[in-house]
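Just protein-v3.txt here, compact mmCIF, C-alpha atoms:
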# COMPACT_ATOMS: atom_id res chain seq x y z
CA MET A 1 0.00 0.00 0.00
CA ASN A 2 2.45 2.67 -1.16
CA LYS A 3 3.09 5.18 -3.92
CA ARG A 4 5.89 3.06 -5.46
CA ASP A 5 3.49 0.19 -6.25
CA ILE A 6 0.93 2.62 -7.67
CA MET A 7 3.49 4.34 -9.90
CA SER A 8 4.57 0.92 -11.19
CA PHE A 9 0.93 0.20 -11.99
CA ILE A 10 0.60 3.51 -13.82
CA LYS A 11 3.64 2.78 -15.98
CA LYS A 12 1.97 -0.42 -17.15
CA LEU A 13 -1.10 1.56 -18.20
CA THR A 14 0.87 3.39 -20.89
CA ALA A 15 0.91 0.17 -22.90
CA GLY A 16 -2.87 -0.21 -22.78
CA ALA A 17 -5.14 -2.56 -20.84
CA LEU A 18 -8.57 -4.16 -20.73
CA VAL A 19 -11.47 -1.83 -21.50
CA PHE A 20 -14.19 -1.09 -18.99
CA GLY A 21 -16.88 1.57 -18.83
CA MET A 22 -17.35 5.01 -17.32
CA THR A 23 -19.70 7.95 -17.13
CA ALA A 24 -19.38 11.49 -18.45
CA THR A 25 -21.85 14.29 -18.95
CA GLY A 26 -22.55 17.98 -19.21
CA ILE A 27 -21.81 21.11 -21.23
CA LEU A 28 -22.50 24.72 -20.39
CA VAL A 29 -25.85 26.13 -21.38
CA CYS A 30 -25.41 29.84 -22.13
CA PRO A 31 -27.21 32.62 -23.99
CA LYS A 32 -24.99 32.13 -27.05
CA GLN A 33 -24.52 28.37 -26.95
CA ALA A 34 -27.40 26.20 -25.90
CA GLU A 35 -26.22 22.60 -26.05
CA ALA A 36 -28.70 20.03 -24.82
CA ALA A 37 -27.70 16.49 -24.00
CA VAL A 38 -29.64 13.64 -25.59
CA ALA A 39 -30.40 10.95 -23.01
CA GLU A 40 -32.12 7.72 -24.01
CA ASP A 41 -32.28 6.11 -20.55
CA LYS A 42 -35.55 6.24 -18.63
CA VAL A 43 -36.53 6.36 -14.98
CA ILE A 44 -36.90 2.83 -13.61
CA TYR A 45 -38.24 1.21 -10.42
CA GLU A 46 -36.65 -1.99 -9.08
CA ASP A 47 -37.66 -4.27 -6.18
CA SER A 48 -34.34 -6.16 -5.98
CA TYR A 49 -32.86 -3.82 -3.33
CA ASP A 50 -33.50 -4.55 0.36
CA ILE A 51 -34.58 -1.25 1.88
CA THR A 52 -33.48 -2.32 5.38
CA THR A 53 -29.89 -2.51 4.11
CA TYR A 54 -29.94 1.15 3.11
CA TRP A 55 -32.46 2.96 5.29
CA ASN A 56 -33.01 3.63 8.97
CA ALA A 57 -34.01 6.79 10.78
CA ASP A 58 -30.41 7.65 11.73
CA SER A 59 -28.54 6.58 8.60
CA LYS A 60 -29.67 6.67 4.99
CA THR A 61 -27.54 5.38 2.13
CA ALA A 62 -28.46 5.55 -1.54
CA PRO A 63 -28.28 2.27 -3.47
CA VAL A 64 -26.03 2.41 -6.55
CA LYS A 65 -26.85 1.47 -10.13
CA ALA A 66 -24.51 2.07 -13.07
CA GLY A 67 -25.47 5.17 -15.08
CA TYR A 68 -28.19 6.26 -12.64
CA VAL A 69 -28.71 8.19 -9.43
CA PHE A 70 -31.10 7.15 -6.70
CA GLY A 71 -34.51 8.86 -6.75
CA GLY A 72 -36.04 7.50 -3.54
CA TRP A 73 -38.00 4.54 -2.20
CA PHE A 74 -41.43 3.95 -3.76
CA LYS A 75 -44.48 1.74 -3.39
CA VAL A 76 -47.06 0.51 -5.89
CA ALA A 77 -49.83 3.08 -6.17
CA ALA A 78 -52.96 4.06 -8.05
CA ALA A 79 -52.94 6.84 -10.62
CA SER A 80 -54.92 9.07 -8.24
CA ASP A 81 -52.57 8.64 -5.27
CA GLU A 82 -50.55 11.62 -4.02
CA GLY A 83 -47.27 11.94 -5.89
CA ALA A 84 -48.03 8.96 -8.15
CA GLU A 85 -45.58 8.55 -11.05
CA ALA A 86 -46.46 6.67 -14.21
CA TYR A 87 -44.06 3.99 -15.45
CA VAL A 88 -44.60 2.59 -18.94
CA ASN A 89 -42.96 -0.78 -19.57
CA GLY A 90 -43.73 -3.03 -22.52
CA GLY A 91 -46.90 -1.10 -23.30
CA ALA A 92 -48.30 -1.47 -19.76
CA THR A 93 -48.53 1.46 -17.34
CA SER A 94 -47.82 1.07 -13.64
CA TYR A 95 -47.91 3.72 -10.93
CA TYR A 96 -45.55 4.28 -8.00
CA ALA A 97 -45.74 6.77 -5.13
CA PRO A 98 -42.84 7.90 -2.90
CA LEU A 99 -42.41 6.45 0.57
CA LYS A 100 -41.89 9.07 3.27
CA SER A 101 -39.84 8.67 6.44
CA THR A 102 -43.03 8.55 8.54
CA GLU A 103 -44.09 5.41 6.66
CA LEU A 104 -40.69 3.77 7.01
CA ASN A 105 -40.22 4.39 10.74
CA THR A 106 -43.32 4.10 12.91
CA ASP A 107 -41.95 3.42 16.41
CA GLU A 108 -39.33 4.75 18.79
CA ASP A 109 -36.31 2.88 17.42
CA ALA A 110 -34.39 3.79 14.26
CA ASP A 111 -35.03 0.62 12.28
CA CYS A 112 -37.02 0.53 9.06
CA ASP A 113 -40.50 -0.78 9.90
CA TYR A 114 -41.92 -0.95 6.39
CA THR A 115 -43.19 -4.45 5.59
CA GLY A 116 -44.44 -3.90 2.06
CA THR A 117 -42.45 -4.12 -1.16
CA ALA A 118 -40.19 -1.09 -1.51
CA TYR A 119 -39.05 -0.14 -5.00
CA ALA A 120 -35.79 1.73 -5.53
CA LYS A 121 -36.29 4.46 -8.11
CA PHE A 122 -33.32 5.18 -10.38
CA VAL A 123 -33.02 8.30 -12.52
CA PRO A 124 -30.54 8.67 -15.43
CA ALA A 125 -27.52 10.40 -13.91
CA GLN A 126 -27.56 13.08 -16.59
CA VAL A 127 -30.68 14.55 -14.94
CA LEU A 128 -28.66 15.43 -11.82
CA SER A 129 -25.83 17.10 -13.73
CA VAL A 130 -24.81 20.76 -14.14
CA LYS A 131 -25.11 23.54 -16.69
CA ALA A 132 -24.44 27.26 -16.29
CA GLN A 133 -25.40 30.63 -17.72
CA ASN A 134 -23.70 34.03 -17.49
CA SER A 135 -25.54 37.32 -17.05
CA ALA A 136 -26.29 39.10 -20.32
CA GLY A 137 -23.76 41.28 -22.10
CA ILE A 138 -20.59 39.57 -20.85
CA ASN A 139 -17.90 39.23 -23.48
CA GLU A 140 -14.13 39.41 -23.79
CA ASN A 141 -14.22 43.21 -23.60
CA THR A 142 -16.90 43.82 -20.97
CA ILE A 143 -15.40 41.25 -18.58
CA GLN A 144 -12.61 43.75 -17.92
CA ASN A 145 -15.14 46.20 -16.47
CA ILE A 146 -17.01 43.90 -14.11
CA SER A 147 -15.30 45.50 -11.11
CA GLU A 148 -17.50 48.52 -11.86
CA SER A 149 -20.57 46.54 -12.86
CA PRO A 150 -20.50 43.07 -11.20
CA MET A 151 -21.91 40.10 -13.11
CA TYR A 152 -23.56 36.86 -12.04
CA VAL A 153 -23.39 33.21 -13.01
CA ARG A 154 -26.46 31.04 -12.74
CA VAL A 155 -25.84 27.30 -12.22
CA MET A 156 -28.59 24.83 -13.00
CA SER A 157 -29.44 21.20 -12.48
CA SER A 158 -32.66 19.33 -13.19
CA LEU A 159 -35.22 16.95 -11.70
CA ASP A 160 -37.47 14.35 -13.25
CA SER A 161 -40.37 15.18 -10.91
CA THR A 162 -41.25 17.21 -7.82
CA ASN A 163 -41.10 14.15 -5.55
CA TYR A 164 -38.09 15.42 -3.61
CA GLN A 165 -37.84 17.23 -0.28
CA LYS A 166 -35.34 19.82 -1.51
CA VAL A 167 -32.44 20.32 -3.91
CA GLY A 168 -29.07 21.93 -3.47
CA PHE A 169 -25.58 22.64 -4.81
CA GLU A 170 -22.07 22.24 -3.47
CA ILE A 171 -20.11 25.14 -4.99
CA GLU A 172 -16.46 26.05 -4.53
CA LEU A 173 -14.95 29.16 -6.11
CA ALA A 174 -11.49 28.67 -7.62
CA ASN A 175 -12.10 24.97 -6.88
CA SER A 176 -11.33 25.56 -3.21
CA VAL A 177 -13.50 28.21 -1.49
CA PRO A 178 -16.94 26.89 -0.41
CA VAL A 179 -19.97 29.07 -1.08
CA LEU A 180 -22.61 29.23 1.66
CA ASN A 181 -25.90 31.06 2.09
CA ASN A 182 -25.59 32.88 5.42
CA ASN A 183 -23.52 29.92 6.68
CA ASN A 184 -26.17 27.50 5.46
CA PRO A 185 -26.06 25.01 2.56
CA LEU A 186 -27.21 26.20 -0.86
CA GLU A 187 -30.58 24.46 -0.73
CA THR A 188 -34.05 25.32 -1.98
CA THR A 189 -37.53 23.92 -2.48
CA GLN A 190 -38.14 26.18 -5.49
CA VAL A 191 -37.97 24.58 -8.94
CA TYR A 192 -38.82 25.85 -12.42
CA THR A 193 -40.16 24.37 -15.63
CA GLY A 194 -37.63 26.22 -17.81
CA ALA A 195 -35.31 29.18 -18.29
CA MET A 196 -34.61 31.95 -20.77
CA VAL A 197 -31.68 31.13 -23.07
CA ASN A 198 -30.65 33.86 -25.52
CA ASN A 199 -34.05 35.52 -25.00
CA VAL A 200 -35.84 32.29 -25.89
CA SER A 201 -37.79 30.26 -23.34
CA LYS A 202 -36.40 26.72 -23.00
CA THR A 203 -37.99 23.90 -21.04
CA ALA A 204 -35.98 21.76 -18.65
CA ASN A 205 -36.24 18.93 -21.16
CA GLU A 206 -34.85 21.10 -23.95
CA ILE A 207 -31.90 22.12 -21.79
CA PHE A 208 -31.02 18.79 -20.17
CA GLY A 209 -32.79 16.28 -22.41
CA GLY A 210 -34.14 12.86 -21.46
CA GLU A 211 -36.20 12.66 -18.28
CA SER A 212 -35.62 16.23 -17.07
CA GLU A 213 -38.86 18.07 -16.29
CA TYR A 214 -37.86 20.78 -13.79
CA LEU A 215 -34.86 23.03 -13.14
CA SER A 216 -33.16 23.86 -9.87
CA VAL A 217 -31.15 27.08 -9.97
CA TRP A 218 -28.63 28.94 -7.85
CA LYS A 219 -27.37 32.42 -8.70
CA LEU A 220 -23.79 33.47 -7.86
CA SER A 221 -23.92 37.25 -7.68
CA LYS A 222 -21.43 40.11 -7.30
CA ILE A 223 -18.65 38.58 -9.38
CA ASP A 224 -16.37 41.60 -9.77
CA THR A 225 -12.85 40.32 -10.57
CA PRO A 226 -11.97 39.83 -14.26
CA SER A 227 -9.31 37.19 -13.54
CA ASN A 228 -12.00 34.92 -12.08
CA ALA A 229 -13.36 34.32 -15.58
CA SER A 230 -10.80 31.60 -16.29
CA LYS A 231 -10.84 29.99 -12.84
CA ILE A 232 -12.69 26.80 -11.97
CA ILE A 233 -16.05 27.05 -10.25
CA TYR A 234 -16.67 23.56 -8.86
CA VAL A 235 -20.37 22.65 -8.83
CA ARG A 236 -22.05 19.45 -7.73
CA PRO A 237 -25.84 19.16 -7.44
CA TYR A 238 -27.77 17.00 -5.01
CA TRP A 239 -31.29 16.27 -3.91
CA TYR A 240 -33.04 14.82 -0.87
CA THR A 241 -35.54 12.10 -1.67
CA MET A 242 -38.95 12.02 0.04
CA ASP A 243 -37.62 9.41 2.50
CA GLY A 244 -34.76 11.78 3.48
CA THR A 245 -31.81 10.26 1.61
CA LYS A 246 -29.24 12.74 0.28
CA VAL A 247 -28.16 11.87 -3.26
CA GLU A 248 -25.26 13.63 -4.97
CA GLY A 249 -25.08 13.99 -8.74
CA LEU A 250 -22.44 14.61 -11.39
CA ALA A 251 -19.91 17.34 -10.67
CA LYS A 252 -18.74 19.92 -13.20
CA TYR A 253 -16.02 22.53 -13.55
CA VAL A 254 -17.72 25.74 -14.69
CA HIS A 255 -15.71 28.53 -16.36
CA ILE A 256 -17.20 31.99 -16.89
CA GLU A 257 -15.12 32.55 -20.03
CA ASP A 258 -16.44 29.45 -21.81
CA GLU A 259 -19.51 31.31 -23.06
CA TYR A 260 -17.91 34.32 -24.68
CA MET A 261 -14.80 32.43 -25.83
CA ASP A 262 -17.01 29.83 -27.55
CA TYR A 263 -15.59 26.94 -25.52
CA ILE A 264 -17.28 23.93 -23.97
CA SER A 265 -16.14 22.07 -20.85
CA VAL A 266 -16.55 18.30 -20.97
CA PRO A 267 -16.26 16.68 -17.53
CA VAL A 268 -15.45 13.01 -17.08
CA ASN A 269 -17.35 11.65 -14.09
CA LEU A 270 -17.06 8.29 -12.29
CA LEU A 271 -20.23 7.28 -10.49
CA ASP A 272 -19.45 3.85 -9.06
CA GLY A 273 -18.13 5.18 -5.77
CA LYS A 274 -15.55 2.39 -5.64
CA GLN A 275 -12.18 2.65 -3.95
CA VAL A 276 -9.62 3.43 -6.65
CA ALA A 277 -6.05 4.59 -6.18
CA ALA A 278 -5.03 4.81 -9.84
CA GLY A 279 -6.46 4.31 -13.30
CA ALA A 280 -6.73 5.48 -16.87
CA VAL A 281 -9.47 6.65 -19.24
CA ASN A 282 -9.42 7.16 -23.00
CA MET A 283 -11.64 9.79 -24.62
CA THR A 284 -12.34 9.73 -28.35
CA TYR A 285 -13.86 12.79 -30.00
CA ASP A 286 -15.04 13.81 -33.46
CA ASN A 287 -12.39 14.74 -35.99
CA THR A 288 -14.04 18.12 -36.56
CA LEU A 289 -13.46 19.19 -32.95
CA GLU A 290 -10.52 21.23 -31.74
CA LEU A 291 -9.00 21.25 -28.27
CA VAL A 292 -8.55 24.58 -26.51
CA THR A 293 -4.93 25.58 -25.95
CA ASP A 294 -3.18 28.45 -24.17
CA ASP A 295 -0.81 30.97 -25.77
CA GLU A 296 2.03 28.45 -25.56
CA GLY A 297 0.05 25.70 -27.26
CA ASN A 298 -0.69 23.70 -24.11
CA VAL A 299 -4.06 21.92 -24.02
CA LEU A 300 -6.40 23.27 -21.32
CA PHE A 301 -6.75 20.04 -19.36
CA GLU A 302 -7.85 19.97 -15.71
CA ALA A 303 -7.39 17.13 -13.25
CA GLY A 304 -10.45 16.13 -11.28
CA ARG A 305 -10.89 15.17 -7.63
CA VAL A 306 -11.11 11.39 -7.74
CA LEU A 307 -7.43 10.98 -8.74
CA PRO A 308 -5.98 14.50 -8.55
CA GLU A 309 -2.40 13.65 -9.55
CA MET A 310 -2.88 13.25 -13.27
CA SER A 311 -1.09 13.24 -16.60
CA PHE A 312 -2.65 13.17 -20.05
CA SER A 313 -1.61 12.56 -23.63
CA PRO A 314 -3.66 14.19 -26.42
CA ASP A 315 -3.34 12.61 -29.87
CA THR A 316 -4.78 15.29 -32.14
CA ALA A 317 -4.13 13.21 -35.27
CA ASN A 318 -6.34 10.34 -34.05
CA LYS A 319 -8.62 12.56 -31.93
CA THR A 320 -8.04 10.71 -28.67
CA ILE A 321 -6.94 11.73 -25.19
CA LYS A 322 -5.48 9.26 -22.72
CA MET A 323 -5.71 10.27 -19.05
CA ILE A 324 -3.84 8.55 -16.23
CA GLY A 325 -4.34 9.53 -12.61
CA ASN A 326 -3.52 8.47 -9.09
CA ALA A 327 -4.61 9.46 -5.60
CA ALA A 328 -2.52 12.00 -3.76
CA THR A 329 -2.29 10.39 -0.31
CA ALA A 330 -1.26 6.77 0.27
CA GLY A 331 -4.11 4.67 1.63
CA LYS A 332 -6.73 7.34 1.05
CA TYR A 333 -9.65 7.09 -1.37
CA ASN A 334 -11.81 9.93 -2.70
CA THR A 335 -14.97 7.82 -2.97
CA GLU A 336 -17.24 10.80 -2.29
CA GLU A 337 -16.05 12.58 -5.44
CA THR A 338 -17.10 11.90 -9.04
CA ILE A 339 -15.14 14.23 -11.29
CA TYR A 340 -12.14 12.47 -12.84
CA ALA A 341 -11.05 15.16 -15.30
CA ASN A 342 -12.26 18.13 -17.33
CA ILE A 343 -11.33 18.82 -20.95
CA ARG A 344 -12.14 21.97 -22.89
CA PHE A 345 -12.96 22.12 -26.60
CA LYS A 346 -13.81 24.85 -29.02
CA LYS A 347 -17.56 24.98 -29.51
CA PRO A 348 -18.73 22.32 -32.00
CA LYS A 349 -20.71 23.38 -35.05
CA ALA A 350 -22.78 20.20 -35.18
CA ASP A 351 -24.09 17.46 -32.91
CA THR A 352 -21.25 15.39 -31.53
CA THR A 353 -20.41 12.48 -29.24
CA PHE A 354 -17.59 12.05 -26.73
CA SER A 355 -16.83 8.35 -26.31
CA MET A 356 -15.26 7.18 -23.07
CA LYS A 357 -13.40 3.94 -22.49
CA MET A 358 -12.09 3.12 -19.09
CA LEU A 359 -8.78 1.28 -18.89
CA GLN A 360 -7.56 -0.61 -15.84
CA PHE A 361 -8.13 0.78 -12.36
CA CYS A 362 -6.70 -0.51 -9.09
CA ASP A 363 -6.86 0.07 -5.35
CA TRP A 364 -3.92 0.81 -3.03
CA ASP A 365 -3.06 -2.90 -2.97
CA THR A 366 -2.87 -2.76 -6.80
CA THR A 367 -5.83 -5.13 -7.00
CA LYS A 368 -7.81 -4.53 -10.17
CA VAL A 369 -11.06 -2.60 -9.67
CA THR A 370 -13.80 -2.95 -12.28
CA ILE A 371 -15.86 0.16 -13.02
CA THR A 372 -19.16 -0.90 -14.56
CA ASN A 373 -20.55 2.36 -15.93
CA THR A 374 -20.61 2.72 -19.71
CA TRP A 375 -22.25 5.92 -20.89
CA ASP A 376 -21.07 7.75 -23.97
CA VAL A 377 -22.50 11.26 -24.18
CA LYS A 378 -24.19 12.92 -27.14
CA TYR A 379 -24.49 16.68 -27.48
CA GLU A 380 -27.02 18.56 -29.53
CA VAL A 381 -26.12 22.09 -30.68
CA GLN A 382 -29.30 24.14 -30.89
Please re-express this file's structure in structure tokens.
Amino acid sequence: MNKRDIMSFIKKLTAGALVFGMTATGILVCPKQAEAAVAEDKVIYEDSYDITTYWNADSKTAPVKAGYVFGGWFKVAAASDEGAEAYVNGGATSYYAPLKSTELNTDEDADCDYTGTAYAKFVPAQVLSVKAQNSAGINENTIQNISESPMYVRVMSSLDSTNYQKVGFEIELANSVPVLNNNNPLETTQVYTGAMVNNVSKTANEIFGGESEYLSVWKLSKIDTPSNASKIIYVRPYWYTMDGTKVEGLAKYVHIEDEYMDYISVPVNLLDGKQVAAGAVNMTYDNTLELVTDDEGNVLFEAGRVLPEMSFSPDTANKTIKMIGNAATAGKYNTEETIYANIRFKKPKADTTFSMKMLQFCDWDTTKVTITNTWDVKYEVQ
């Protein structure tokens, strides 16, 4: 369990390895570039998870399913029941209603007392992802004057229904300074059906695609330093299910300058929550796309939080990027994080797909860890 063994493992990765899957999602939604992700996965309800393993009054853990986030515990219901959600499968329609904590715990102890069949609801992970929008009139010239006229950035996530207690965001400015609301978490019960994008009303479904029906929004005001435009704003959305379980979604690195520079940020997220100390991912992108570089020709690549010590190798001829990362502290795992890396491209002119292939991963004992998520991401330029 040491760095030497991990570095030896990483060296082996440069020669290639078995292919596994991974998850990635999200592009900025801005007044001048409204990219909407196309998601084909649907909300599902499964009875194969034992609720007593995950839920009691004092401790609530979300079950994990590849490519999805947990949407709460549900029971079979009638169409007229409060909060009933329709589920169409094979031409037949079933209805499910959310279970609340008062139904799951009915006595003085903390154990789950529910004796009926509890269904775990799973929502495509792309629903609980992040997009962002600058205030109007911000461009490469006006950004220099924001000290006199501060701007805002609005971050957004989405929901498939209103069957949640509340929604929130974890936000860190410059990827390190937490944002709070009067020392409280950034949480709200207010959701919206859409937002204005370039003076055009867009529904949540048009912005996020797939199963998204509502938007949750948080506004970062009083941004008054021009140099902050290029810095990372770390954003991760979450929601509380009706039974009280906190579920965190896909993180994203937001950059203010992406909108007016015509860039997009493509985050690579790992959702399995497994203990990994090192591993590699290959991204393949369309041959019409161009990576963003600085004045010295260096690709604007950003390491994530899962494996923060990272190197990468862009092959612009074959339109691939190989990323290899390892954890920073021996014996420590960042299982609570999802963002593996962030790569910035010049804005595409047509719909495009970023294909992800996960190479070998290991833990601190260099035992192979299999990541099961496989979720290539399509983007639709509107």
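Atom pair atom CA of A:Val197 / atom CA of A:Thr338: separated by 27.9 Å.
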*Just how far from atom CA of A:Met310 is atom CA of A:Met323, in Å to one decimal?*
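Computing the Euclidean distance for atom CA of A:Met323 and atom CA of A:Met310 yields 7.1 Å.
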*Protein and nucleic acid residues near (-11.9, 13.4, -10.4) (cut-off 10 Å, only C-alpha atoms) as a list in words*: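 Output: Ala251, Lys252, Pro267, Val268, Asn269, Leu270, Glu302, Ala303, Gly304, Arg305, Val306, Leu307, Pro308, Glu309, Met310, Gly325, Asn326, Ala327, Asn334, Thr335, Glu337, Thr338, Ile339, Tyr340, Ala341 and Asn342 of chain A.
Of the residues listed (A:Gly67, A:Gly116, A:Gly72, A:Pro124), A:Pro124 shows the shortest atom-to-atom separation from A:Ser212; distances use all atoms listed in the file.
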*Top pick for closest residue to A:Ile146, considering A:Asp160, A:Asp107, A:Glu336, A:Asp224 and counting only C-alpha atoms*: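 Checking each candidate against A:Ile146, we get A:Asp224 as the closest.
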*Could you give me, as a PyMOL selection string, the residues that have an atom at most 8 Å away from the point (-23.6, 20.5, -6.8) in the coordinates of the file, using only C-alpha atoms?*
chain A and resi 130+168-171+234-238+248-251
*Select, from A:Val167, A:Ile223, A:Asp243, A:Ser157, the residue with the minimum atom-to-atom distance to A:Ile207, counting all atoms listed in the file.*
A:Ser157
*asked:* I'd like to know which of A:Ala62, A:Leu104, A:Ile138, A:Met283 is closest to A:Ala229, using all atoms listed in the file.
replied: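 Nearest candidate to A:Ala229 out of A:Ala62, A:Leu104, A:Ile138, A:Met283: A:Ile138.
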*For A:Tyr87, please output as a list of chain:residue names all residues within 10 Å (counting only C-alpha atoms; exclusion window: fewer than 4 positions along the same chain).*
A:Lys42, A:Val43, A:Ile44, A:Tyr45, A:Gly91, A:Ala92, A:Thr93, A:Ser94, A:Tyr95, A:Tyr96
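Using all atoms listed in the file, the shortest contact distance between A:Glu187 and any of A:Ser147, A:Thr366, A:Ser216, A:Ser48 is found at A:Ser216.
Restricting the calculation to all atoms listed in the file, the smallest distance between A:Asp363 and any of A:Pro63, A:Gly279, A:Pro314, A:Gly297 is found for A:Gly279.
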*Distance atom CA of A:Leu291-atom CA of A:Ile233, one decimal place?*
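Computing the Euclidean distance for atom CA of A:Leu291 and atom CA of A:Ile233 yields 20.2 Å.
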Around all the atoms of stretch 258-271 of chain A listed in the file, draw an axis-aligned box and extend it by 6 Å on each of the six sides; I want its centre and edge lengths in Å to one decimal, as JSON.
{"center_x": -17.5, "center_y": 20.8, "center_z": -19.0, "size_x": 17.4, "size_y": 39.0, "size_z": 29.1}
*For A:Pro150, list every protein, DNA or RNA residue within 12 Å, evaluated using all atoms listed in the file, and leave out those in the same chain fewer than 2 positions away; present the list as an MDAnalysis selection string.*
chainID A and resid 134:138 142:148 152:153 220:226 228
Convert the current residue selection to file output with C-alpha atoms, as an mmCIF file, keeping the file's coordinate frame.
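Wrote out_13.cif, looks like this:
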data_model
loop_
_atom_site.group_PDB
_atom_site.id
_atom_site.type_symbol
_atom_site.label_atom_id
_atom_site.label_comp_id
_atom_site.auth_asym_id
_atom_site.auth_seq_id
_atom_site.Cartn_x
_atom_site.Cartn_y
_atom_site.Cartn_z
ATOM 1 C CA ASN A 134 -23.700 34.030 -17.490
ATOM 2 C CA SER A 135 -25.540 37.320 -17.050
ATOM 3 C CA ALA A 136 -26.290 39.100 -20.320
ATOM 4 C CA GLY A 137 -23.760 41.280 -22.100
ATOM 5 C CA ILE A 138 -20.590 39.570 -20.850
ATOM 6 C CA THR A 142 -16.900 43.820 -20.970
ATOM 7 C CA ILE A 143 -15.400 41.250 -18.580
ATOM 8 C CA GLN A 144 -12.610 43.750 -17.920
ATOM 9 C CA ASN A 145 -15.140 46.200 -16.470
ATOM 10 C CA ILE A 146 -17.010 43.900 -14.110
ATOM 11 C CA SER A 147 -15.300 45.500 -11.110
ATOM 12 C CA GLU A 148 -17.500 48.520 -11.860
ATOM 13 C CA TYR A 152 -23.560 36.860 -12.040
ATOM 14 C CA VAL A 153 -23.390 33.210 -13.010
ATOM 15 C CA LEU A 220 -23.790 33.470 -7.860
ATOM 16 C CA SER A 221 -23.920 37.250 -7.680
ATOM 17 C CA LYS A 222 -21.430 40.110 -7.300
ATOM 18 C CA ILE A 223 -18.650 38.580 -9.380
ATOM 19 C CA ASP A 224 -16.370 41.600 -9.770
ATOM 20 C CA THR A 225 -12.850 40.320 -10.570
ATOM 21 C CA PRO A 226 -11.970 39.830 -14.260
ATOM 22 C CA ASN A 228 -12.000 34.920 -12.080
#
Selection: 8 Å around A:Glu103, all atoms listed in the file, excl. self and same-chain fewer than 4 positions, as a PDB file with C-alpha atoms, in the frame of the given file:
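Final output, result_13.pdb:
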ATOM      1  CA  LEU A  99     -42.410   6.450   0.570  1.00  0.00           C
ATOM      2  CA  ASP A 113     -40.500  -0.780   9.900  1.00  0.00           C
ATOM      3  CA  TYR A 114     -41.920  -0.950   6.390  1.00  0.00           C
TER       4      TYR A 114
END
